[in-house]
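Engineer: Pasting a structure here, questions to come.
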Amino acid sequence: MARASSSTSHAGSAVLGKGASIRGRIAGEGDLRVDGTISGDVALKGDLIVSDGAEVVADVQARAVVVEGAIEGDISATSSVAIRASARVSGAISGTSISIEEGANVSGRIDAQFDLPPELGGKSGR
Amino acid sequence: MASTVIAQGMTIEGELTSDEDVVIQGTLRGKLTSKDTVNVESGAVVEADISASSLSVGGQITGNVTASDRVDLMAGGRLIGDVKASRLTIADGASFKGNVDMDV
């Protein structure tokens with residue numbers, strides 16, 4: 001999965017349990033898995049996993065993002081974004097690579113920052 | 001493992017509500033409500049009113065604390081605020097400033 005390397009240093013990985021909800025701002029160095037509900041803002045240096053059944057109403061910044069649940073808000077990843085089949089996403093998505101599985105419900109802008117291969121990009125990239 | 005863990009290096013500003021147990025190793029400012037156990041571990045910083053069934057404090061809390069069952073202040077723990085709980089233990093080496101209401 002998109003659990004990018006082990007560069008999380010000593011910052012542990014955090015979990016928001018199924019019966020838990022946060023209203024407000026979350027910031028952190030490590031990874032976060034959300035099984036519950038968040039409304040507010042999320043800014044992580046580590047990876048974010050939004051599990052099936054979880055609900056996030058927030059703009060989200062993280063390294064890699066995996067969505068199996070619902071996100072209402074913009075997703076901005078410095079690494080990959082993976083939208084799984086069970087996911088519902090409404091908001092802009094940006095990342096170095098973006099994958100969307102069949103069955104996922106996505107509405108919003110998608111902005112993948114990657115270099116086009118020469119046969120598509122031509123000389124000047126468009 | 002606990003159902004909700006706020007890891008070291010993580011900061012929450014706002015309100016955390018949980019039906020299940022919560023472990024704080026990082027920082028929380030705002031309000032914390034749990035129907036189960038709350039464990040504020042050594043190194044954690046909490047500036048919030050806490051309500052839980054039971055609370056154990058190894059880190060730092062500034063705020064008023066209410067527990068339906070018990071509050072345990074561990075050695076090295078630091079609590080500035082009022083405690084409302086039917087049972088309270090304060091270990092040797094813990095610091096505490098505030099009022100205690102054991103509801104007798």
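Chain labels run A, B, ... following the order of the structure tokens; each chain numbers its residues from 1, and ligands are numbered from 1 in the order shown.
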With chain A as the partner and 6 Å as the cut-off, tabulate the residues of chain B that qualify, each row holding the nearest pair of atoms and their distance in Å to one decimal, using only C-alpha atoms, sorted by chain and rising number, as CSV.
Structural biologist:
residue,atom,partner,partner_atom,distance
B:Ser3,CA,A:Gly17,CA,4.7
B:Thr4,CA,A:Leu16,CA,4.5
B:Val5,CA,A:Val15,CA,4.9
B:Ile6,CA,A:Ala14,CA,5.1
B:Ala7,CA,A:Ala14,CA,4.8
B:Gln8,CA,A:Ala11,CA,5.6
B:Gly9,CA,A:Glu29,CA,5.4
B:Met10,CA,A:Gly28,CA,3.9
B:Thr11,CA,A:Ala27,CA,5.1
B:Ile12,CA,A:Ile26,CA,4.5
B:Glu13,CA,A:Arg25,CA,5.0
B:Gly14,CA,A:Gly24,CA,4.1
B:Glu15,CA,A:Arg23,CA,5.0
B:Leu16,CA,A:Ile22,CA,4.4
B:Thr17,CA,A:Ser21,CA,5.1
B:Ser18,CA,A:Ala20,CA,3.8
B:Asp19,CA,A:Gly19,CA,5.0
Engineer: With C-alpha atoms retained, could you export that selection as a PDB file, in the first residue's frame?
Structural biologist:
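To be explicit, this is the file written out as out_6.pdb:
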ATOM      1  CA  SER B   3      -9.263   2.660  19.683  1.00  0.00           C
ATOM      2  CA  THR B   4      -8.172   6.286  19.505  1.00  0.00           C
ATOM      3  CA  VAL B   5      -4.518   7.265  19.814  1.00  0.00           C
ATOM      4  CA  ILE B   6      -3.289  10.820  19.459  1.00  0.00           C
ATOM      5  CA  ALA B   7       0.337  10.045  18.805  1.00  0.00           C
ATOM      6  CA  GLN B   8       3.409  11.949  19.835  1.00  0.00           C
ATOM      7  CA  GLY B   9       4.013  14.796  17.386  1.00  0.00           C
ATOM      8  CA  MET B  10       0.322  15.250  16.723  1.00  0.00           C
ATOM      9  CA  THR B  11      -1.642  18.310  17.781  1.00  0.00           C
ATOM     10  CA  ILE B  12      -5.391  18.704  17.968  1.00  0.00           C
ATOM     11  CA  GLU B  13      -6.998  22.057  18.468  1.00  0.00           C
ATOM     12  CA  GLY B  14     -10.679  21.580  19.006  1.00  0.00           C
ATOM     13  CA  GLU B  15     -13.029  19.056  20.392  1.00  0.00           C
ATOM     14  CA  LEU B  16     -12.425  15.315  20.608  1.00  0.00           C
ATOM     15  CA  THR B  17     -15.399  13.122  21.439  1.00  0.00           C
ATOM     16  CA  SER B  18     -15.281   9.357  21.715  1.00  0.00           C
ATOM     17  CA  ASP B  19     -17.500   6.446  22.742  1.00  0.00           C
TER      18      ASP B  19
END
Engineer: From the DSSP assignment of the backbone, select every residue of chain A that is helix (DSSP H, G or I), and format the answer as an NGL selection string.
Structural biologist: :A and (118-121)
Engineer: Rounded to one decimal in Å, what is the spacing between CA of Val81 (chain A) and CA of Glu119 (chain A)?
Structural biologist: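 Between these atoms lies a distance of 24.8 Å.
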Engineer: Excluding Val65 (chain B) and its own-chain neighbours fewer than 5 positions away, which residues fall within 8 Å of it when counting only C-alpha atoms? Please give them as a ChimeraX atom specification.
Structural biologist: /B:49-51,81-84
Engineer: Which residues are near Ser42 (chain B)? Cut-off 12 Å, only C-alpha atoms, ignore same chain within fewer than 3 positions. Put them as a PyMOL selection string.
Structural biologist: chain B and resi 7-8+23-27+39+45-46+56-61+73-78+94
Engineer: For region 102-111 of chain A, find every residue with an atom within 12 Å (counting only C-alpha atoms), except residues of its own chain fewer than 5 positions away, and show them as a CSV table (one decimal) with N, CA and C atoms, in the first residue's frame.
Structural biologist:
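Okay, this is what ended up in part-v8.csv:
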chain,number,residue,atom,x,y,z
A,52,ASP,N,-13.0,2.8,5.4
A,52,ASP,CA,-14.4,2.6,5.0
A,52,ASP,C,-15.3,2.9,6.2
A,67,VAL,N,-8.1,6.7,0.5
A,67,VAL,CA,-9.5,7.0,0.9
A,67,VAL,C,-10.4,5.7,0.6
A,68,GLU,N,-10.9,5.2,1.7
A,68,GLU,CA,-11.9,4.1,1.6
A,68,GLU,C,-13.3,4.6,2.0
A,69,GLY,N,-13.3,5.7,2.8
A,69,GLY,CA,-14.6,6.2,3.3
A,69,GLY,C,-14.9,7.5,2.5
A,70,ALA,N,-15.5,8.5,3.3
A,70,ALA,CA,-16.0,9.7,2.6
A,70,ALA,C,-15.1,10.9,3.0
A,71,ILE,N,-14.8,11.7,2.0
A,71,ILE,CA,-14.1,13.0,2.3
A,71,ILE,C,-14.9,14.1,1.5
A,72,GLU,N,-15.2,15.1,2.3
A,72,GLU,CA,-15.8,16.3,1.7
A,72,GLU,C,-14.8,17.4,1.9
A,73,GLY,N,-14.1,17.8,0.9
A,73,GLY,CA,-13.0,18.8,1.1
A,73,GLY,C,-11.9,18.5,0.1
A,74,ASP,N,-11.0,19.4,0.0
A,74,ASP,CA,-9.9,19.2,-0.9
A,74,ASP,C,-8.8,18.3,-0.3
A,75,ILE,N,-8.2,17.5,-1.2
A,75,ILE,CA,-7.2,16.6,-0.8
A,75,ILE,C,-5.9,17.1,-1.5
A,76,SER,N,-4.9,17.3,-0.7
A,76,SER,CA,-3.6,17.7,-1.3
A,76,SER,C,-2.5,16.9,-0.7
A,77,ALA,N,-1.9,16.0,-1.6
A,77,ALA,CA,-0.9,15.1,-1.1
A,77,ALA,C,0.4,15.4,-1.8
A,78,THR,N,1.5,15.3,-1.0
A,78,THR,CA,2.8,15.4,-1.6
A,78,THR,C,3.3,14.2,-2.3
A,80,SER,N,1.3,10.1,-3.2
A,80,SER,CA,0.1,9.5,-4.0
A,80,SER,C,-1.2,9.7,-3.3
A,81,VAL,N,-2.2,9.7,-4.1
A,81,VAL,CA,-3.6,9.6,-3.6
A,81,VAL,C,-4.3,8.4,-4.2
A,82,ALA,N,-4.8,7.5,-3.3
A,82,ALA,CA,-5.5,6.3,-3.8
A,82,ALA,C,-7.0,6.4,-3.3
A,83,ILE,N,-7.9,6.4,-4.3
A,83,ILE,CA,-9.3,6.4,-4.0
A,83,ILE,C,-9.8,5.0,-4.2
A,84,ARG,N,-10.2,4.3,-3.2
A,84,ARG,CA,-10.7,3.0,-3.3
A,84,ARG,C,-12.1,2.9,-3.7
A,85,ALA,N,-12.5,1.7,-4.0
A,85,ALA,CA,-13.9,1.5,-4.6
A,85,ALA,C,-15.0,2.0,-3.7
A,86,SER,N,-14.8,1.8,-2.4
A,86,SER,CA,-15.9,2.2,-1.4
A,86,SER,C,-15.9,3.7,-1.1
A,87,ALA,N,-15.0,4.5,-1.7
A,87,ALA,CA,-14.9,5.9,-1.3
A,87,ALA,C,-15.9,6.8,-2.0
A,88,ARG,N,-16.2,7.9,-1.2
A,88,ARG,CA,-16.9,9.0,-1.8
A,88,ARG,C,-16.1,10.3,-1.6
A,89,VAL,N,-15.7,11.0,-2.6
A,89,VAL,CA,-14.9,12.1,-2.5
A,89,VAL,C,-15.6,13.3,-3.2
A,90,SER,N,-15.8,14.4,-2.5
A,90,SER,CA,-16.1,15.6,-3.2
A,90,SER,C,-15.2,16.7,-2.9
A,91,GLY,N,-14.5,17.2,-3.9
A,91,GLY,CA,-13.4,18.2,-3.6
A,91,GLY,C,-12.3,18.0,-4.6
A,92,ALA,N,-11.4,19.0,-4.6
A,92,ALA,CA,-10.3,18.9,-5.5
A,92,ALA,C,-9.3,17.9,-5.0
A,93,ILE,N,-8.6,17.2,-5.9
A,93,ILE,CA,-7.6,16.2,-5.5
A,93,ILE,C,-6.3,16.6,-6.2
A,94,SER,N,-5.3,16.7,-5.4
A,94,SER,CA,-4.0,16.9,-6.0
A,94,SER,C,-2.9,16.0,-5.4
A,95,GLY,N,-2.0,15.5,-6.2
A,95,GLY,CA,-1.0,14.6,-5.7
A,95,GLY,C,0.0,14.3,-6.9
A,96,THR,N,1.1,13.5,-6.5
A,96,THR,CA,2.0,13.2,-7.6
A,96,THR,C,1.4,12.1,-8.5
A,97,SER,N,0.6,11.2,-7.9
A,97,SER,CA,-0.1,10.2,-8.7
A,97,SER,C,-1.4,9.9,-8.0
Engineer: Work out how far apart CA of Ser79 (chain A) and CA of Leu28 (chain B) are and give it in Å to one decimal.
Structural biologist: 27.2 Å
Engineer: Please identify which residues in chain B DSSP calls strand (DSSP E) from the backbone, and express them as an MDAnalysis selection string.
Structural biologist: chainID B and resid 4:6 10:18 22:24 27:34 37:40 45:57 60:62 65:73 78:80 83:84 87:90 95:97 100:101
Engineer: Quote the spacing between CA of Asp115 (chain A) and CA of Leu48 (chain A) in Å to one decimal place.
Structural biologist: 24.6 Å
